[in-house]
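*Asks:* To be precise about what I am sending: the file is called protein20.cif and holds mmCIF, C-alpha atoms.
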```
data_run
loop_
_atom_site.label_atom_id
_atom_site.label_comp_id
_atom_site.auth_asym_id
_atom_site.auth_seq_id
_atom_site.Cartn_x
_atom_site.Cartn_y
_atom_site.Cartn_z
CA MET A 75 16.11 43.61 -12.23
CA LYS A 76 17.34 36.86 -9.93
CA LEU A 77 20.23 30.45 -5.24
CA CYS A 78 19.48 28.13 -2.60
CA GLY A 79 21.39 30.29 -0.19
CA TYR A 80 24.71 31.35 1.22
CA THR A 81 27.44 29.78 3.25
CA ILE A 82 25.98 26.77 5.00
CA ALA A 83 28.34 24.42 6.72
CA GLY A 84 28.33 20.69 7.07
CA THR A 85 26.01 18.22 5.48
CA LEU A 86 23.64 20.80 4.04
CA VAL A 87 26.29 21.92 1.53
CA THR A 88 26.25 18.43 0.03
CA ILE A 89 22.46 18.51 -0.07
CA LEU A 90 22.49 21.90 -1.81
CA VAL A 91 24.95 20.80 -4.47
CA GLY A 92 22.91 17.67 -5.08
CA ALA A 93 19.76 19.74 -5.36
CA ILE A 94 21.30 21.93 -8.03
CA ALA A 95 22.36 18.94 -10.07
CA ASN A 96 18.71 17.92 -10.10
CA GLY A 97 17.47 21.33 -11.15
CA CYS A 98 16.57 23.08 -7.90
CA THR A 99 15.48 26.68 -8.45
CA SER A 100 18.34 27.92 -6.29
CA PHE A 101 22.05 28.23 -6.90
CA ALA A 102 24.82 26.71 -4.85
CA THR A 103 26.28 28.44 -1.82
CA SER A 104 28.70 31.28 -2.34
CA ASN A 105 31.70 29.19 -1.33
CA VAL A 106 31.38 26.68 -4.18
CA GLN A 107 34.72 26.56 -5.95
CA GLN A 108 34.77 27.91 -9.51
CA SER A 109 37.10 27.00 -12.34
CA LYS A 110 40.35 28.97 -12.17
CA SER A 111 41.05 28.68 -15.89
CA LEU A 112 39.53 30.52 -18.81
CA ASN A 113 40.10 27.51 -21.03
CA PRO A 114 37.09 25.30 -21.74
CA PRO A 115 36.92 22.42 -19.22
CA THR A 116 37.81 18.91 -20.20
CA THR A 117 35.15 16.49 -21.39
CA THR A 118 34.96 15.03 -17.89
CA ASN A 119 34.32 18.41 -16.35
CA GLN A 120 31.81 19.40 -19.00
CA ALA A 121 29.69 16.39 -18.19
CA GLN A 122 29.20 17.81 -14.71
CA LEU A 123 28.05 21.23 -15.93
CA PRO A 124 24.41 22.17 -16.50
CA HIS A 125 23.36 22.36 -20.14
CA THR A 126 20.87 24.44 -22.04
CA SER A 127 17.19 23.58 -22.09
CA ASN A 128 17.10 24.32 -25.82
CA PRO A 129 20.28 23.09 -27.51
CA VAL A 130 20.67 24.79 -30.90
CA SER A 131 23.41 23.10 -32.87
CA LYS A 132 23.94 26.00 -35.26
CA LEU A 133 25.12 28.22 -32.38
CA ASN A 134 27.84 25.75 -31.45
CA LEU A 135 27.72 26.83 -27.82
CA GLN A 136 29.15 24.62 -25.10
CA ALA A 137 28.79 24.76 -21.35
CA GLY A 138 32.10 25.88 -19.91
CA MET A 139 33.38 27.75 -22.95
CA PRO A 140 34.61 31.32 -22.40
CA TYR A 141 31.79 33.80 -22.74
CA GLN A 142 33.98 36.08 -24.88
CA LYS A 143 34.40 33.28 -27.43
CA ALA A 144 30.69 32.44 -27.32
CA ARG A 145 29.86 36.11 -27.84
CA GLU A 146 32.11 36.33 -30.89
CA GLN A 147 30.46 33.26 -32.43
CA VAL A 148 26.98 34.60 -31.78
CA LEU A 149 27.79 38.00 -33.32
CA GLN A 150 29.37 36.35 -36.37
CA GLN A 151 26.12 34.48 -36.97
CA GLY A 152 24.10 37.68 -37.20
CA TRP A 153 22.88 38.11 -33.64
CA GLN A 154 23.03 41.58 -32.10
CA PRO A 155 23.00 42.74 -28.44
CA ASN A 156 19.41 43.16 -27.29
CA LEU A 157 19.15 46.82 -26.38
CA GLN A 158 15.36 46.70 -26.06
CA GLY A 159 13.16 45.33 -23.30
CA ASP A 160 14.44 45.53 -19.75
CA ALA A 161 17.24 48.03 -19.27
CA PRO A 162 20.47 46.71 -17.73
CA ASN A 163 20.49 46.89 -13.95
CA LEU A 164 23.35 49.39 -13.75
CA GLN A 165 22.80 49.82 -10.02
CA ASP A 166 24.47 46.44 -9.69
CA SER A 167 28.27 46.89 -9.70
CA SER A 168 28.87 43.65 -11.64
CA VAL A 169 26.37 44.63 -14.33
CA LYS A 170 27.87 48.11 -14.66
CA GLU A 171 31.40 46.75 -14.98
CA LEU A 172 30.33 44.30 -17.70
CA TYR A 173 28.36 47.01 -19.51
CA ASP A 174 31.29 49.44 -19.40
CA PHE A 175 33.57 46.61 -20.61
CA GLY A 176 31.52 46.54 -23.80
CA TYR A 177 29.01 43.79 -23.04
CA THR A 178 26.00 46.02 -23.70
CA GLU A 179 23.80 42.93 -23.90
CA VAL A 180 24.09 42.29 -20.14
CA LYS A 181 20.79 42.63 -18.28
CA ASP A 182 21.32 41.55 -14.68
CA CYS A 183 23.46 39.44 -12.38
CA SER A 184 22.72 37.25 -9.41
CA GLY A 185 24.27 38.52 -6.21
CA THR A 186 24.45 35.02 -4.76
CA GLY A 187 25.74 31.55 -5.46
CA VAL A 188 27.74 31.21 -8.69
CA GLY A 189 27.06 34.85 -9.57
CA ALA A 190 25.45 34.12 -12.94
CA CYS A 191 24.75 37.03 -15.29
CA ARG A 192 22.18 37.13 -18.07
CA PHE A 193 23.15 38.35 -21.56
CA GLU A 194 20.59 38.83 -24.35
CA PHE A 195 20.83 38.93 -28.17
CA THR A 196 18.27 39.28 -30.97
CA ASN A 197 18.28 38.42 -34.68
CA GLN A 198 16.39 39.51 -37.78
CA ALA A 199 13.86 36.70 -37.27
CA GLY A 200 12.76 38.32 -34.02
CA GLU A 201 14.24 35.57 -31.86
CA LEU A 202 15.72 36.28 -28.44
CA LEU A 203 18.82 34.39 -27.33
CA TRP A 204 19.81 34.58 -23.68
CA ILE A 205 23.06 33.26 -22.30
CA SER A 206 23.79 32.77 -18.61
CA ALA A 207 27.49 32.97 -17.76
CA THR A 208 29.27 32.46 -14.46
CA ILE A 209 32.59 33.75 -13.18
CA ALA A 210 35.52 31.65 -14.36
CA ASP A 211 38.14 33.40 -12.27
CA ARG A 212 38.22 36.26 -9.83
CA SER A 213 37.66 38.77 -12.64
CA ASN A 214 34.02 39.70 -13.17
CA THR A 215 34.57 40.13 -16.92
CA GLU A 216 36.10 36.66 -17.39
CA ARG A 217 33.10 34.34 -17.54
CA VAL A 218 32.11 30.96 -18.90
CA VAL A 219 28.84 29.83 -20.48
CA TRP A 220 26.45 28.02 -18.13
CA HIS A 221 22.96 28.00 -19.68
CA TRP A 222 21.46 29.34 -22.90
CA SER A 223 18.10 29.31 -24.61
CA ILE A 224 16.24 30.79 -27.58
CA GLU A 225 12.79 32.36 -27.43
CA LYS A 226 10.80 32.66 -30.64
CA ASN A 227 8.37 35.53 -31.00
CA GLY A 228 8.66 36.23 -27.28
CA ASN A 229 7.75 32.68 -26.23
CA GLN A 230 10.44 30.59 -24.59
CA GLN A 231 10.88 27.13 -26.12
CA THR A 232 10.24 25.11 -23.01
CA SER A 233 7.57 22.58 -22.18
CA GLN A 234 5.78 25.22 -20.12
CA SER A 235 5.76 28.80 -21.46
CA SER A 236 5.06 31.75 -19.22
CA ARG A 237 1.66 33.30 -19.76
CA PRO A 238 -0.30 36.09 -18.07
CA GLU A 239 -2.65 34.71 -15.45
CA LYS A 240 -4.68 35.95 -12.54
CA PRO A 241 -2.46 35.94 -9.44
CA PRO A 242 -3.32 33.23 -6.91
CA PHE A 243 -3.26 35.82 -4.10
CA ILE A 244 -2.49 39.45 -3.32
CA GLY A 245 0.12 40.08 -0.67
CA THR A 246 3.24 38.25 0.44
CA ARG A 247 3.86 34.52 0.86
CA SER A 248 7.03 32.71 1.89
CA PHE A 249 8.28 29.31 0.72
CA ASN A 250 11.35 27.12 1.09
CA PHE A 251 12.16 24.18 -1.20
CA LEU A 252 15.05 22.90 0.93
CA GLY A 253 13.70 23.78 4.35
CA GLY A 254 17.08 24.98 5.56
CA SER A 255 18.38 28.21 7.03
CA GLY A 256 19.27 30.81 4.42
CA THR A 257 17.30 29.04 1.67
CA GLY A 258 13.92 30.71 2.13
CA GLN A 259 12.21 32.73 -0.57
CA SER A 260 9.19 34.99 -0.73
CA ILE A 261 6.84 36.25 -3.41
CA ALA A 262 5.02 39.57 -3.10
CA ILE A 263 2.16 40.33 -5.52
CA ALA A 264 0.65 43.82 -5.70
CA PRO A 265 -2.99 44.47 -6.69
CA ASP A 266 -1.90 45.50 -10.21
CA GLY A 267 -0.05 42.21 -10.68
CA THR A 268 3.45 43.57 -10.04
CA THR A 269 5.41 40.68 -8.58
CA ILE A 270 8.70 40.43 -6.70
CA VAL A 271 10.43 37.15 -5.85
CA THR A 272 13.13 37.49 -3.21
CA LEU A 273 15.76 35.08 -1.90
CA HIS A 274 16.37 35.56 1.82
CA GLY A 275 19.92 34.38 2.43
CA LYS A 276 21.71 34.18 5.73
CA PHE A 277 23.48 37.50 5.33
CA GLN A 278 21.50 39.46 2.75
CA SER A 279 18.51 39.27 0.44
CA SER A 280 18.45 39.46 -3.36
CA ILE A 281 15.63 39.93 -5.86
CA GLN A 282 15.27 37.06 -8.33
CA TYR A 283 12.30 38.38 -10.29
CA GLN A 284 10.52 41.70 -10.69
CA GLY A 285 7.72 42.24 -13.19
CA LYS A 286 4.14 41.26 -13.94
CA PHE A 287 2.80 37.99 -12.57
CA SER A 288 2.77 35.04 -14.97
CA ASN A 289 2.50 31.33 -14.44
CA PRO A 290 5.11 30.01 -14.49
CA ILE A 291 7.52 32.78 -13.53
CA ILE A 292 10.95 32.50 -15.14
CA LEU A 293 13.54 33.97 -12.76
CA GLN A 294 15.64 36.87 -14.04
CA ASP A 295 18.94 35.77 -12.51
CA GLY A 296 20.18 34.07 -15.67
CA SER A 297 19.69 30.55 -14.31
CA GLY A 298 16.73 29.65 -16.51
CA PHE A 299 14.96 28.28 -13.43
CA GLY A 300 11.36 29.12 -12.66
CA LEU A 301 8.38 28.83 -10.33
CA LEU A 302 5.07 27.12 -11.10
CA PHE A 303 1.97 27.83 -9.02
CA LYS A 304 -0.61 25.07 -8.78
CA ASP A 305 -3.24 23.99 -6.25
CA GLY A 306 -2.05 26.40 -3.58
CA LYS A 307 1.58 25.29 -3.79
CA VAL A 308 4.69 26.49 -5.61
CA TYR A 309 6.97 24.15 -7.58
CA SER A 310 10.57 24.67 -8.66
CA LEU A 311 11.09 24.41 -12.42
CA ALA A 312 14.38 23.28 -13.88
CA ALA A 313 15.87 25.11 -16.87
CA ASN A 314 14.13 22.67 -19.24
CA GLY A 315 10.72 23.76 -17.94
CA GLN A 316 10.06 20.50 -16.07
CA ILE A 317 9.29 20.33 -12.35
CA ALA A 318 12.60 19.77 -10.58
CA LYS A 319 13.34 16.89 -8.24
CA GLY A 320 15.89 16.31 -5.54
CA CYS A 321 15.47 19.27 -3.22
CA LYS A 322 14.76 17.01 -0.24
CA GLY A 323 15.88 13.68 -1.63
CA ASP A 324 16.68 12.03 -4.94
CA ALA A 325 13.09 11.33 -5.99
CA THR A 326 11.17 14.03 -4.18
CA VAL A 327 9.47 16.79 -6.15
CA CYS A 328 10.69 20.30 -5.37
CA GLU A 329 7.52 21.79 -3.94
CA SER A 330 6.60 24.05 -1.05
CA ALA A 331 3.54 25.44 0.64
CA LEU A 332 2.91 29.18 0.27
CA ILE A 333 2.91 30.49 3.80
CA ALA A 334 1.16 33.73 4.67
CA ALA A 335 2.54 35.87 7.46
CA THR A 336 0.52 35.58 10.65
CA SER A 337 0.65 39.36 11.00
CA ALA A 338 1.66 42.26 8.76
CA PRO A 339 5.49 42.29 8.75
CA ILE A 340 5.65 45.92 7.63
CA LYS A 341 7.13 48.08 10.37
CA PRO A 342 5.18 51.23 11.27
CA GLY A 343 7.00 54.49 10.67
CA PHE A 344 7.92 57.01 8.04
CA TYR A 345 9.31 55.71 4.74
CA VAL A 346 10.98 57.89 2.08
CA LEU A 347 12.25 57.67 -1.49
CA GLY A 348 15.32 59.76 -0.77
CA GLY A 349 16.19 63.00 -2.50
CA THR A 350 12.56 64.19 -2.61
CA ASP A 351 9.96 65.61 -0.24
CA GLN A 352 7.70 62.60 -0.78
CA GLY A 353 7.05 60.20 2.06
CA LEU A 354 4.89 57.29 3.11
CA GLU A 355 3.61 56.78 6.65
CA VAL A 356 2.63 53.35 7.96
CA LYS A 357 0.44 53.21 11.04
CA GLY A 358 -1.30 50.06 12.21
CA GLU A 359 -3.07 48.37 9.30
CA GLN A 360 -3.04 51.44 7.08
CA TYR A 361 -0.72 53.81 5.27
CA ARG A 362 -0.79 57.18 3.51
CA TYR A 363 1.41 59.29 1.26
CA TYR A 364 2.53 62.81 2.10
CA ASP A 365 4.57 65.58 0.49
CA GLU A 366 5.04 69.34 0.80
CA ALA A 367 1.39 69.81 -0.21
CA GLY A 368 0.10 67.77 2.72
CA GLU A 369 -1.14 64.26 3.53
CA GLN A 370 -3.35 61.99 1.43
CA GLU A 371 -6.07 59.62 2.60
CA TRP A 372 -5.30 56.48 4.56
CA ARG A 373 -5.21 53.24 2.53
CA PRO A 374 -5.14 49.55 3.59
CA ILE A 375 -1.66 48.21 4.30
CA SER A 376 -2.51 45.09 2.25
CA GLU A 377 -1.70 47.18 -0.85
CA LEU A 378 1.96 47.30 0.17
CA ASN A 379 4.52 44.56 -0.34
CA TYR A 380 7.07 43.70 2.33
CA ILE A 381 10.54 43.24 0.80
CA GLN A 382 12.73 43.22 3.89
CA GLU A 383 12.98 45.10 7.16
CA ASN A 384 12.63 48.86 6.56
CA LEU A 385 11.97 48.29 2.83
CA ILE A 386 8.55 48.10 1.14
CA PHE A 387 7.21 48.30 -2.43
CA ASP A 388 3.92 49.94 -3.39
CA GLY A 389 3.75 48.58 -6.94
CA LYS A 390 5.64 51.54 -8.37
CA ASN A 391 8.35 52.73 -5.99
CA TYR A 392 10.55 51.36 -3.23
CA TRP A 393 10.25 53.08 0.14
CA CYS A 394 12.77 52.87 2.99
CA ILE A 395 13.07 53.83 6.61
CA PRO A 396 16.58 55.27 6.36
CA PRO A 397 19.26 55.12 9.02
CA ARG A 398 19.09 58.23 11.16
CA SER A 399 20.65 61.35 9.60
CA GLU A 400 22.06 59.43 6.60
CA ALA A 401 21.56 60.93 3.14
CA GLY A 402 20.78 58.47 0.37
CA VAL A 403 18.14 56.93 -1.87
CA CYS A 404 15.85 53.94 -1.51
CA THR A 405 16.57 51.05 -3.93
CA GLU A 406 15.26 47.54 -4.45
CA ASN A 407 18.09 46.33 -2.20
CA GLY A 408 17.41 48.81 0.58
CA TRP A 409 18.87 52.17 1.55
CA MET A 410 21.86 53.28 -0.53
CA PRO A 411 23.91 56.05 1.13
CA VAL A 412 25.04 58.99 -0.98
CA ARG A 413 28.52 60.15 -0.07
#
```
Render the structure in this file as structure tokens.

*Replies:*
Amino acid sequence: MKLCGYTIAGTLVTILVGAIANGCTSFATSNVQQSKSLNPPTTTNQAQLPHTSNPVSKLNLQAGMPYQKAREQVLQQGWQPNLQGDAPNLQDSSVKELYDFGYTEVKDCSGTGVGACRFEFTNQAGELLWISATIADRSNTERVVWHWSIEKNGNQQTSQSSRPEKPPFIGTRSFNFLGGSGTGQSIAIAPDGTTIVTLHGKFQSSIQYQGKFSNPIILQDGSGFGLLFKDGKVYSLAANGQIAKGCKGDATVCESALIAATSAPIKPGFYVLGGTDQGLEVKGEQYRYYDEAGEQEWRPISELNYIQENLIFDGKNYWCIPPRSEAGVCTENGWMPVR
């Protein structure tokens, strides 16, 4: 379709965990220990787990309960898997496994941190229920409830609902709530409003949001966290819709400047979709499309969005500079070889 970073040694791990407890937009590092039991945690453990921003007593959901049990309860109360809206991201191996397992309501999974996945249900009243569940054991299909929330008539019940708004800029900006290595993020906004939020970890990058710009943006990684843009800055929103605190200290607001690149980060060269004759050439501050019929006119490079090295987005398609002589296709995560 969603995280503070990846393995970070020493004191920063403690800072990251503390930031999450205070609602930082990012998840914990990938080496945070998960529960090894599918049984609901004890009362003591439950008190340490994040809870929903919109508790709905009739659902009887609890943080830490097995997702399979939560799913059964939800279905018994008349909810159905949401098969509309965004299609499940079946390019993600975790999503595909869950979908094939029978969880057709899965939409996407975070490739970092606690590996949360987002599951969606609808009812006859037109409400949307989403549940974020994390891995309880080594098995991808054995998960426990982490967050949940209900949206009525397409509007999430938080103190700040997402709404369409004119983007604050066109292009790419970077930001970092924690200021550490492997915790940086970027937001790329195309002229048509298409927006991509990316987490740049130490070892790989992952997309946290892809869609039209709104303010705030609610991330699609199942965390319920979001981003609020105000006065030239970006703020981390906790799952309850409030501005988070604690990213750089107990009382500090989680905010960051939006930093523009000093020069265009897009590498010149020939980018392809893979499996077609279509291509995109970048040269200097301009680019153009080409195919078997010939070359089109040059256009300003500012129309393109930098995702990562050798990967760009033009508002419709992802384009890659592939490894030499390697067949494959270009995806939102980069070049995917075809064996």

*Asks:* Counting all atoms listed in the file, which of A:Gly300, A:Asp388, A:Gly348, A:Pro374 gets nearest to A:Ala401?

*Replies:*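 Closest residue, counting all atoms listed in the file: A:Gly348.
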
*Asks:* Any idea what's packed within 9 Å of A:Thr178, counting all atoms listed in the file, ignoring anything in its chain fewer than 2 positions away? Could you give it as a PyMOL selection string?

*Replies:* chain A and resi 155-157+162+172-176+180-181+193

*Asks:* Restrict the calculation to all atoms listed in the file, then for each residue of stretch 320-396 of chain A with any atom at most 12 Å from an atom of stretch 405-411 of chain A give the closest atom pair and their distance in Å to one decimal, rows by chain and rising residue number, as a Markdown table.

*Replies:*
```
| residue | atom | partner | partner_atom | distance |
| --- | --- | --- | --- | --- |
| A:Tyr345 | CA | A:Trp409 | CA | 10.7 |
| A:Val346 | CA | A:Trp409 | CA | 9.8 |
| A:Leu347 | CA | A:Thr405 | CA | 8.3 |
| A:Gly348 | CA | A:Trp409 | CA | 8.7 |
| A:Gly349 | CA | A:Pro411 | CA | 11.0 |
| A:Asn379 | CA | A:Glu406 | CA | 11.9 |
| A:Tyr380 | CA | A:Glu406 | CA | 11.3 |
| A:Ile381 | CA | A:Glu406 | CA | 8.3 |
| A:Gln382 | CA | A:Gly408 | CA | 8.0 |
| A:Glu383 | CA | A:Gly408 | CA | 8.8 |
| A:Asn384 | CA | A:Gly408 | CA | 7.7 |
| A:Leu385 | CA | A:Gly408 | CA | 5.9 |
| A:Ile386 | CA | A:Glu406 | CA | 8.8 |
| A:Phe387 | CA | A:Glu406 | CA | 8.3 |
| A:Asp388 | CA | A:Glu406 | CA | 11.6 |
| A:Gly389 | CA | A:Glu406 | CA | 11.8 |
| A:Lys390 | CA | A:Glu406 | CA | 11.1 |
| A:Asn391 | CA | A:Thr405 | CA | 8.6 |
| A:Tyr392 | CA | A:Thr405 | CA | 6.1 |
| A:Trp393 | CA | A:Thr405 | CA | 7.8 |
| A:Cys394 | CA | A:Trp409 | CA | 6.3 |
| A:Ile395 | CA | A:Trp409 | CA | 7.9 |
| A:Pro396 | CA | A:Trp409 | CA | 6.2 |
```

*Asks:* Quick one: distance from atom CA of A:Ile209 to atom CA of A:Asn134 in Å, one decimal?

*Replies:* 20.5 Å

*Asks:* For A:Thr246, which of A:Gln282, A:Ile340, A:Glu371, A:Thr215 is the closest residue, counting all atoms listed in the file?

*Replies:*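 When distances to A:Thr246 are compared using all atoms listed in the file, the smallest one comes from A:Ile340.
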
*Asks:* May I ask which of the residues A:Ile375, A:Leu302, A:Cys328, A:Ala264 is the closest one to A:Leu354, counting all atoms listed in the file?

*Replies:*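 Ranking A:Ile375, A:Leu302, A:Cys328, A:Ala264 by distance to A:Leu354, first place goes to A:Ile375.
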
*Asks:* Considering only C-alpha atoms, return as JSON, numbers by chain whatever protein or nucleic-acid residues lie within 8 Å of A:Gln142, sequence-local ones (same chain, fewer than 2 positions apart) excluded.

*Replies:* {"A": [140, 144, 145, 146, 216, 217]}

*Asks:* In Å, how far is it from atom CA of A:His274 to atom CA of A:Tyr141?

*Replies:*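 Here the two named atoms are 29.1 Å from each other.
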
*Asks:* What's the 9 Å shell around A:Gln198, counting all atoms listed in the file, without same-chain residues fewer than 5 positions away, as a PyMOL selection string?

*Replies:* chain A and resi 152-154

*Asks:* Point out the residue among A:Phe243, A:Phe299, A:Phe251, A:Tyr361 with the least atom-to-atom distance to A:Trp222, counting only C-alpha atoms.

*Replies:*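 Distance minimum relative to A:Trp222 lands on A:Phe299.
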
*Asks:* Rounded to one decimal, what separation in Å do you get between atom CA of A:Gly256 and atom CA of A:Ser288?

*Replies:* 25.8 Å

*Asks:* Just say which residues the PyMOL selection byres ((chain A and resi 257-261) around 7) picks in this file, as a PyMOL selection string.

*Replies:* chain A and resi 78-79+246-250+252-256+262-263+269-275

*Asks:* I need the output of the PyMOL selection byres ((chain A and resi 207) around 8) for this file as a compact mmCIF listing (two decimals) with C-alpha atoms, keeping the file's coordinate frame; which residues are they?

*Replies:*
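What follows is the written file part.txt:
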```txt
# COMPACT_ATOMS: atom_id res chain seq x y z
CA TYR A 141 31.79 33.80 -22.74
CA ALA A 190 25.45 34.12 -12.94
CA CYS A 191 24.75 37.03 -15.29
CA ARG A 192 22.18 37.13 -18.07
CA PHE A 193 23.15 38.35 -21.56
CA ILE A 205 23.06 33.26 -22.30
CA SER A 206 23.79 32.77 -18.61
CA THR A 208 29.27 32.46 -14.46
CA ILE A 209 32.59 33.75 -13.18
CA ARG A 217 33.10 34.34 -17.54
CA VAL A 218 32.11 30.96 -18.90
CA VAL A 219 28.84 29.83 -20.48
CA TRP A 220 26.45 28.02 -18.13
CA HIS A 221 22.96 28.00 -19.68
CA GLY A 296 20.18 34.07 -15.67
```

*Asks:* Here is a test: counting all atoms listed in the file, which residue of A:Ala199, A:Val169, A:Ile292, A:Cys404 is nearest to A:Ser184?

*Replies:*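 Answer, going by the shortest atom-to-atom distance: A:Val169.
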
*Asks:* Go through the shown structure with the PyMOL selection byres ((chain A and resi 342) around 8) and write out the matching residues as a PDB file with C-alpha atoms, in the frame of the given file.

*Replies:*
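Listing of result_32.pdb after writing:
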```
ATOM      1  CA  ILE A 340       5.650  45.920   7.630  1.00  0.00           C
ATOM      2  CA  LYS A 341       7.130  48.080  10.370  1.00  0.00           C
ATOM      3  CA  GLY A 343       7.000  54.490  10.670  1.00  0.00           C
ATOM      4  CA  PHE A 344       7.920  57.010   8.040  1.00  0.00           C
ATOM      5  CA  GLU A 355       3.610  56.780   6.650  1.00  0.00           C
ATOM      6  CA  VAL A 356       2.630  53.350   7.960  1.00  0.00           C
ATOM      7  CA  LYS A 357       0.440  53.210  11.040  1.00  0.00           C
ATOM      8  CA  GLY A 358      -1.300  50.060  12.210  1.00  0.00           C
TER       9      GLY A 358
END
```
